[in-house]
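Source file: input-v1.txt. Holds: compact mmCIF, C-alpha atoms.
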# COMPACT_ATOMS: atom_id res chain seq x y z
CA MET F 23 0.00 0.00 0.00
CA SER F 24 1.40 3.42 -0.93
CA GLY F 25 0.27 6.73 0.49
CA PHE F 26 -2.41 7.33 3.11
CA THR F 27 -5.55 5.31 2.49
CA SER F 28 -8.57 7.60 2.47
CA SER F 29 -10.72 4.87 4.03
CA ILE F 30 -8.71 5.00 7.28
CA THR F 31 -10.40 7.43 9.62
CA LEU F 32 -9.29 9.34 12.67
CA VAL F 33 -12.00 7.50 14.62
CA GLN F 34 -10.41 4.16 13.73
CA LEU F 35 -7.00 5.38 14.86
CA ASN F 36 -8.42 6.63 18.16
CA TYR F 37 -10.25 3.35 18.74
CA PHE F 38 -7.11 1.33 18.08
CA HIS F 39 -4.98 3.54 20.33
CA LYS F 40 -7.45 3.16 23.18
CA LEU F 41 -7.46 -0.61 22.72
CA ALA F 42 -3.65 -0.60 22.72
CA GLN F 43 -3.72 1.29 26.04
CA THR F 44 -6.27 -0.95 27.78
CA ARG F 45 -5.52 -4.32 26.09
CA HIS F 46 -9.15 -5.17 26.76
CA PHE F 47 -12.06 -4.90 24.32
CA THR F 48 -14.79 -4.36 26.91
CA GLU F 49 -12.82 -1.74 28.88
CA ALA F 50 -11.77 0.11 25.72
CA ALA F 51 -15.35 0.16 24.43
CA LYS F 52 -16.55 1.46 27.80
CA GLN F 53 -14.03 4.32 27.83
CA LEU F 54 -14.91 5.17 24.23
CA PHE F 55 -18.66 5.09 24.97
CA ILE F 56 -19.30 2.58 22.19
CA THR F 57 -20.34 -1.06 22.06
CA GLN F 58 -17.79 -3.86 21.97
CA PRO F 59 -19.01 -5.09 18.54
CA THR F 60 -18.55 -1.56 17.14
CA LEU F 61 -14.97 -1.53 18.42
CA SER F 62 -14.24 -4.99 17.02
CA SER F 63 -15.65 -4.02 13.62
CA SER F 64 -13.54 -0.85 13.55
CA ILE F 65 -10.31 -2.71 14.39
CA LYS F 66 -10.99 -5.32 11.70
CA ALA F 67 -11.63 -2.60 9.12
CA LEU F 68 -8.37 -0.86 10.08
CA GLU F 69 -6.43 -4.13 9.81
CA GLY F 70 -8.02 -4.71 6.40
CA GLU F 71 -6.86 -1.33 5.15
CA LEU F 72 -3.33 -1.79 6.51
CA GLY F 73 -3.07 -5.39 5.37
CA VAL F 74 -1.62 -6.63 8.67
CA SER F 75 -2.93 -7.99 11.97
CA LEU F 76 -2.65 -5.45 14.76
CA VAL F 77 -4.07 -7.46 17.68
CA TYR F 78 -4.99 -10.96 18.65
CA ARG F 79 -7.18 -12.18 21.45
CA GLU F 80 -6.01 -13.71 24.69
CA GLY F 81 -9.07 -15.23 26.30
CA ARG F 82 -12.53 -13.81 25.68
CA ARG F 83 -11.84 -10.09 26.04
CA ASN F 84 -8.11 -9.51 26.62
CA VAL F 85 -5.92 -8.73 23.63
CA ARG F 86 -2.26 -8.50 22.81
CA LEU F 87 -0.68 -6.35 20.15
CA THR F 88 1.17 -7.98 17.33
CA LYS F 89 4.61 -6.80 16.32
CA TRP F 90 2.98 -4.54 13.73
CA GLY F 91 0.40 -3.38 16.26
CA GLU F 92 3.12 -2.33 18.74
CA GLU F 93 5.03 -0.45 16.05
CA PHE F 94 1.90 1.19 14.64
CA ASP F 95 0.68 2.38 18.03
CA ALA F 96 4.12 3.80 18.89
CA LYS F 97 3.99 5.86 15.69
CA ILE F 98 0.43 7.16 15.93
CA ALA F 99 0.34 7.85 19.70
CA PRO F 100 2.38 11.10 19.62
CA ILE F 101 0.51 12.23 16.50
CA LEU F 102 -2.86 11.75 18.21
CA GLU F 103 -1.61 13.53 21.33
CA ASP F 104 -0.36 16.50 19.27
CA LEU F 105 -3.63 16.60 17.39
CA GLN F 106 -5.68 16.63 20.61
CA ARG F 107 -3.46 19.36 22.05
CA ALA F 108 -3.96 21.46 18.92
CA ILE F 109 -7.73 20.95 19.12
CA ASP F 110 -7.85 21.89 22.81
CA GLU F 111 -5.66 24.98 22.39
CA THR F 112 -7.57 26.22 19.36
CA ALA F 113 -10.92 25.67 21.05
CA GLU F 114 -9.72 27.52 24.16
CA ALA F 115 -8.33 30.45 22.19
CA GLY F 116 -11.15 30.72 19.68
CA GLY F 117 -14.27 29.68 21.50
CA GLY F 118 -13.48 28.80 25.07
CA GLN F 119 -15.84 29.41 27.94
CA LYS F 120 -13.97 32.52 29.04
CA ARG F 121 -12.64 33.92 25.82
CA VAL F 122 -11.17 37.42 25.68
CA LEU F 123 -13.18 39.59 23.30
CA ASN F 124 -11.31 42.06 21.12
CA VAL F 125 -13.53 45.03 20.33
CA GLY F 126 -12.63 47.97 18.11
CA THR F 127 -14.51 51.26 18.13
CA ILE F 128 -14.42 54.72 16.65
CA PRO F 129 -14.11 57.46 19.30
CA THR F 130 -17.67 58.68 18.63
CA ILE F 131 -19.50 56.11 20.79
CA GLN F 132 -16.99 55.34 23.52
CA TYR F 133 -18.76 57.76 25.86
CA ASP F 134 -22.50 57.58 25.15
CA PHE F 135 -23.20 54.05 23.82
CA LEU F 136 -20.44 51.50 24.25
CA PRO F 137 -20.37 51.68 28.10
CA ASP F 138 -24.06 50.68 28.21
CA VAL F 139 -23.39 47.75 25.89
CA LEU F 140 -20.49 46.51 28.00
CA ARG F 141 -22.49 46.89 31.21
CA SER F 142 -25.26 44.76 29.71
CA TYR F 143 -22.69 42.19 28.53
CA TRP F 144 -21.17 41.86 32.01
CA ASP F 145 -24.61 41.72 33.61
CA LYS F 146 -25.27 38.63 31.50
CA LEU F 147 -21.90 36.86 31.83
CA GLY F 148 -20.15 38.37 34.85
CA TYR F 149 -17.22 40.74 35.30
CA ASP F 150 -14.68 37.93 35.00
CA ARG F 151 -15.15 38.09 31.20
CA THR F 152 -12.35 40.20 29.75
CA VAL F 153 -12.91 42.69 26.93
CA HIS F 154 -10.05 44.49 25.18
CA ILE F 155 -11.07 47.84 23.64
CA THR F 156 -9.09 49.54 20.87
CA VAL F 157 -10.03 53.02 19.63
CA GLU F 158 -9.30 53.59 15.94
CA PHE F 159 -10.91 55.14 12.87
CA THR F 160 -13.15 53.18 10.54
CA ASN F 161 -10.61 52.23 7.86
CA SER F 162 -8.20 50.78 10.43
CA LEU F 163 -11.03 48.99 12.24
CA ILE F 164 -12.28 47.32 9.07
CA LYS F 165 -8.74 46.26 8.17
CA GLY F 166 -8.30 44.75 11.65
CA LEU F 167 -11.66 42.99 11.45
CA LYS F 168 -10.74 41.39 8.13
CA GLU F 169 -7.39 40.30 9.60
CA GLN F 170 -9.30 38.87 12.63
CA SER F 171 -7.55 41.20 15.07
CA TYR F 172 -11.04 42.16 16.26
CA ASP F 173 -14.11 40.06 16.93
CA VAL F 174 -16.47 42.99 16.38
CA VAL F 175 -16.08 46.69 15.64
CA PHE F 176 -18.25 49.79 15.88
CA CYS F 177 -17.69 52.09 12.92
CA SER F 178 -19.17 53.77 9.88
CA ARG F 179 -20.76 51.61 7.21
CA VAL F 180 -18.44 50.69 4.33
CA PRO F 181 -20.74 49.57 1.48
CA GLU F 182 -18.00 47.95 -0.59
CA GLU F 183 -17.19 45.45 2.19
CA GLY F 184 -19.71 42.82 1.13
CA SER F 185 -18.45 40.05 3.43
CA ILE F 186 -19.00 42.13 6.57
CA THR F 187 -22.37 42.52 8.28
CA PHE F 188 -23.17 46.10 9.32
CA ILE F 189 -25.97 46.66 11.84
CA PRO F 190 -26.86 50.32 12.61
CA VAL F 191 -26.91 50.94 16.37
CA VAL F 192 -26.58 54.73 16.76
CA THR F 193 -27.24 57.72 14.51
CA LYS F 194 -25.63 61.15 14.56
CA THR F 195 -26.48 64.32 12.71
CA LEU F 196 -24.13 66.56 10.79
CA VAL F 197 -23.85 70.09 12.21
CA ALA F 198 -21.92 73.26 11.57
CA VAL F 199 -19.51 74.56 14.20
CA VAL F 200 -18.54 78.23 14.22
CA PRO F 201 -16.25 80.21 16.56
CA LYS F 202 -18.19 82.31 19.08
CA ASP F 203 -15.93 85.28 18.42
CA GLY F 204 -15.39 84.63 14.72
CA THR F 205 -16.61 86.01 11.43
CA TYR F 206 -19.70 83.80 11.38
CA LYS F 207 -20.66 84.05 15.05
CA ASN F 208 -24.13 85.38 14.19
CA LEU F 209 -25.07 82.43 11.98
CA GLU F 210 -28.04 80.56 13.45
CA ARG F 211 -28.47 78.06 10.59
CA LEU F 212 -26.35 77.07 7.65
CA SER F 213 -27.47 76.15 4.16
CA LEU F 214 -25.02 74.18 2.04
CA PRO F 215 -24.92 76.75 -0.81
CA GLN F 216 -23.61 79.33 1.68
CA LEU F 217 -20.39 77.32 1.87
CA ALA F 218 -19.50 78.47 -1.64
CA SER F 219 -18.29 81.72 -0.08
CA ILE F 220 -17.21 80.43 3.33
CA PRO F 221 -13.94 78.56 4.04
CA PHE F 222 -14.82 75.35 5.81
CA ALA F 223 -13.24 72.23 7.26
CA THR F 224 -14.67 68.72 7.38
CA TYR F 225 -13.53 65.09 7.22
CA ARG F 226 -10.91 63.61 4.94
CA GLU F 227 -12.51 61.99 1.90
CA THR F 228 -10.41 58.87 2.42
CA ALA F 229 -12.68 58.00 5.37
CA PRO F 230 -16.25 56.65 4.93
CA ILE F 231 -17.74 59.63 6.78
CA GLY F 232 -15.74 61.93 4.51
CA ARG F 233 -17.24 60.26 1.45
CA GLU F 234 -20.72 60.73 2.92
CA VAL F 235 -20.07 64.43 3.42
CA ARG F 236 -18.72 64.65 -0.12
CA ALA F 237 -21.96 63.16 -1.48
CA LEU F 238 -23.97 65.66 0.59
CA LEU F 239 -21.92 68.59 -0.69
CA ASP F 240 -22.34 67.40 -4.28
CA SER F 241 -26.11 67.25 -3.80
CA SER F 242 -26.22 71.00 -3.08
CA GLY F 243 -25.97 71.95 -6.75
CA VAL F 244 -23.03 74.21 -5.97
CA LYS F 245 -19.33 73.43 -6.30
CA LEU F 246 -18.11 73.13 -2.70
CA GLU F 247 -14.55 72.27 -1.69
CA PRO F 248 -13.32 72.10 1.92
CA THR F 249 -10.17 73.95 2.86
CA ILE F 250 -8.84 71.19 5.10
CA GLY F 251 -9.82 67.68 6.20
CA PHE F 252 -9.52 65.84 9.51
CA ASP F 253 -10.25 62.36 10.86
CA ASP F 254 -12.35 63.18 13.94
CA GLU F 255 -14.56 65.75 15.60
CA PHE F 256 -12.05 66.68 18.30
CA SER F 257 -9.45 67.75 15.74
CA LEU F 258 -12.07 69.51 13.64
CA ALA F 259 -13.59 71.45 16.55
CA GLY F 260 -10.16 72.41 17.87
CA TYR F 261 -9.09 73.75 14.49
CA VAL F 262 -12.29 75.76 14.06
CA ALA F 263 -12.04 77.16 17.60
CA ALA F 264 -8.57 78.46 16.79
CA ASN F 265 -9.53 79.93 13.41
CA GLY F 266 -12.15 82.68 13.54
CA ASP F 267 -12.73 82.71 9.77
CA MET F 268 -13.51 79.00 9.50
CA VAL F 269 -16.70 76.89 9.70
CA GLY F 270 -16.56 73.19 10.50
CA LEU F 271 -18.89 70.44 9.26
CA MET F 272 -18.85 67.52 11.67
CA LEU F 273 -20.97 65.02 13.53
CA ASP F 274 -22.57 66.28 16.72
CA THR F 275 -20.68 64.16 19.26
CA PHE F 276 -19.20 64.52 22.74
CA GLU F 277 -15.82 65.38 21.17
CA ILE F 278 -17.05 68.91 20.53
CA GLY F 279 -17.64 69.28 24.29
CA PRO F 280 -14.14 70.47 25.29
CA PHE F 281 -14.65 73.51 23.02
CA LYS F 282 -18.20 74.39 24.15
CA ASP F 283 -17.04 77.78 25.50
CA GLU F 284 -15.33 78.63 22.21
CA VAL F 285 -17.73 77.47 19.50
CA ASN F 286 -21.42 77.43 18.64
CA VAL F 287 -23.10 74.37 17.17
CA ILE F 288 -25.75 75.22 14.57
CA PRO F 289 -28.00 73.05 12.37
CA ILE F 290 -27.53 72.52 8.65
CA GLU F 291 -30.65 72.91 6.56
CA GLY F 292 -31.91 69.71 5.00
CA VAL F 293 -29.79 67.38 7.16
CA ALA F 294 -31.87 64.88 9.16
CA ALA F 295 -31.19 64.12 12.81
CA ASP F 296 -30.37 60.51 11.91
CA TRP F 297 -28.17 61.46 8.96
CA HIS F 298 -25.18 59.25 9.81
CA PRO F 299 -25.55 55.66 11.11
CA ILE F 300 -22.84 54.14 13.27
CA CYS F 301 -22.82 50.39 12.92
CA MET F 302 -21.79 47.25 14.73
CA ALA F 303 -19.77 45.22 12.22
CA PHE F 304 -18.62 41.60 12.20
CA ASP F 305 -17.70 38.90 9.71
CA SER F 306 -20.79 36.70 9.47
CA ARG F 307 -18.80 33.93 7.76
CA LEU F 308 -16.94 33.11 10.98
CA ILE F 309 -18.25 31.03 13.86
CA LYS F 310 -19.15 33.25 16.80
CA SER F 311 -18.18 32.39 20.35
CA SER F 312 -20.83 32.52 23.05
CA GLU F 313 -19.18 35.71 24.34
CA LEU F 314 -19.43 37.39 20.93
CA GLU F 315 -23.06 36.32 20.55
CA THR F 316 -23.81 37.87 23.95
CA LEU F 317 -22.09 41.15 23.04
CA ILE F 318 -23.99 41.32 19.76
CA GLN F 319 -27.24 40.68 21.61
CA SER F 320 -26.41 43.41 24.15
CA ALA F 321 -25.65 45.90 21.36
CA ARG F 322 -28.93 45.09 19.63
CA GLU F 323 -30.81 45.65 22.89
CA LYS F 324 -29.15 49.01 23.49
CA ALA F 325 -29.35 50.13 19.86
CA GLN F 326 -30.91 53.53 19.31
CA VAL F 327 -31.89 52.60 15.75
CA ARG F 328 -35.11 50.60 15.20
What would you get if you wrote out this structure as structure tokens?
Amino acid sequence: MSGFTSSITLVQLNYFHKLAQTRHFTEAAKQLFITQPTLSSSIKALEGELGVSLVYREGRRNVRLTKWGEEFDAKIAPILEDLQRAIDETAEAGGGQKRVLNVGTIPTIQYDFLPDVLRSYWDKLGYDRTVHITVEFTNSLIKGLKEQSYDVVFCSRVPEEGSITFIPVVTKTLVAVVPKDGTYKNLERLSLPQLASIPFATYRETAPIGREVRALLDSSGVKLEPTIGFDDEFSLAGYVAANGDMVGLMLDTFEIGPFKDEVNVIPIEGVAADWHPICMAFDSRLIKSSELETLIQSAREKAQVR
């Protein structure tokens, strides 16, 4: 016989190894939770595939290994042990009872949504369940999710990522931020066409939120080009606060808070309160651990989008 015979199964090898350990059909069958005839049939089938006798009976139930049986068991025993170790370690790391969850999030929800989700998660499973939180921007989070560095992320929707499931959980509106002592301090509302004559800052177009803003600007019917782009509301608000001639277009989030004494937040005409969805995202092709299922459930329960 040349090569590995496809008819030989891992079950047969495990059955034979257990019989080699116990040297007793009844005891081996008991430890394997199978019947003695099932064990006998499996050993005979394995011997048939190998073309040699592996065991012979001594009395009614006791067995001895043949020369080939001793040699075969010595060769497969370490392989089976390594295989079981690999199975146990992978199961523990990937889906064990107390698996560490790796969660990525954009800064936007780390103050007013994610804490409620985590509290609900720990209420269900206990505070001995560890969660690692990483704060990044959407592009980095999606890259990490695809590389399986994260189990789940909270970010902007990325329509071109067809293998990832995006579930909206929070919405934010787009607002205009103006310096309280600046050129546009008396603005109470902003219409998009006004930006044709006003220098303004918003998000980089390399980010999903930046592309959403770009689509909104293009819908105005007027050619509108931002002066500068940023990745987050904190940087945007800080820049606008320091530049009296600038208006900022950004999501209305807690990151504007540190500049509340320096800027005014005003509505943009035609922009709905739920303009921008923030989503929970995960790869639905992968098996989910019980911990991940619980976190997803908690996020759905706390979701502000119905």
May I ask for the distance between CA of Leu32 in chain F and CA of Leu102 in chain F, given in Å to one decimal place?
->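 So the answer is 8.8 Å.
Closest approach to Asp253 in chain F from the set F:Asp104, F:Asp267, F:Glu227, F:Asp283 is made by F:Glu227, with distances taken over all atoms listed in the file.
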Kindly assemble as a Markdown table a list of the range 256-303 of chain F residues that lie within 9 Å of range 130-144 of chain F, each paired with its nearest atom pair and their distance in Å to one decimal, using all atoms listed in the file, sorted first by chain and then by ascending residue number.
| residue | atom | partner | partner_atom | distance |
| --- | --- | --- | --- | --- |
| F:Leu273 | CA | F:Thr130 | CA | 8.8 |
| F:Thr275 | CA | F:Thr130 | CA | 6.3 |
| F:Phe276 | CA | F:Thr130 | CA | 7.3 |
| F:Glu277 | CA | F:Thr130 | CA | 7.4 |
| F:Ile300 | CA | F:Ile131 | CA | 8.5 |
Please dump the current selection as a PDB file, keeping the file's coordinate frame; keep C-alpha atoms.
ATOM      1  CA  LEU F 273     -20.970  65.020  13.530  1.00  0.00           C
ATOM      2  CA  THR F 275     -20.680  64.160  19.260  1.00  0.00           C
ATOM      3  CA  PHE F 276     -19.200  64.520  22.740  1.00  0.00           C
ATOM      4  CA  GLU F 277     -15.820  65.380  21.170  1.00  0.00           C
ATOM      5  CA  ILE F 300     -22.840  54.140  13.270  1.00  0.00           C
TER       6      ILE F 300
END
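For Ala321 in chain F, the list of residues within 8 Å, based on all atoms listed in the file and with local chain neighbours fewer than 3 positions off taken out, reads Val139, Val191, Met302, Leu317, Ile318, Lys324 and Ala325 of chain F.
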Can I get the selected residues back with C-alpha atoms, as a compact mmCIF listing (two decimals), in the frame of the given file?
# COMPACT_ATOMS: atom_id res chain seq x y z
CA VAL F 139 -23.39 47.75 25.89
CA VAL F 191 -26.91 50.94 16.37
CA MET F 302 -21.79 47.25 14.73
CA LEU F 317 -22.09 41.15 23.04
CA ILE F 318 -23.99 41.32 19.76
CA LYS F 324 -29.15 49.01 23.49
CA ALA F 325 -29.35 50.13 19.86
To one decimal place, how far is CA of Ala303 in chain F from CA of Phe256 in chain F in Å?
->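 Taking CA of Ala303 in chain F and CA of Phe256 in chain F, their separation equals 23.6 Å.
Relative to CA of Ala99 in chain F, CA of Tyr78 in chain F is found at 19.6 Å.
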Top pick for closest residue to Val33 in chain F, considering F:Lys52, F:Ala264, F:Thr60, F:Ala294 and counting only C-alpha atoms | F:Thr60
From the list F:Ser29, F:Thr44, F:Thr152, F:Asn84, which residue is nearest Ala67 in chain F when using only C-alpha atoms?
-> F:Ser29
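Distances from F:Ala237, F:Val285, F:Leu76, F:Leu123 to Ala263 in chain F were compared using all atoms listed in the file, and the smallest one belongs to F:Val285.
Summary of the local environment: counting all atoms listed in the file, residues at most 7 Å from Ser178 in chain F, other than itself and those fewer than 4 positions away along its chain, are Thr160, Pro230, Ile231, Pro299, Ile300 and Cys301 of chain F.
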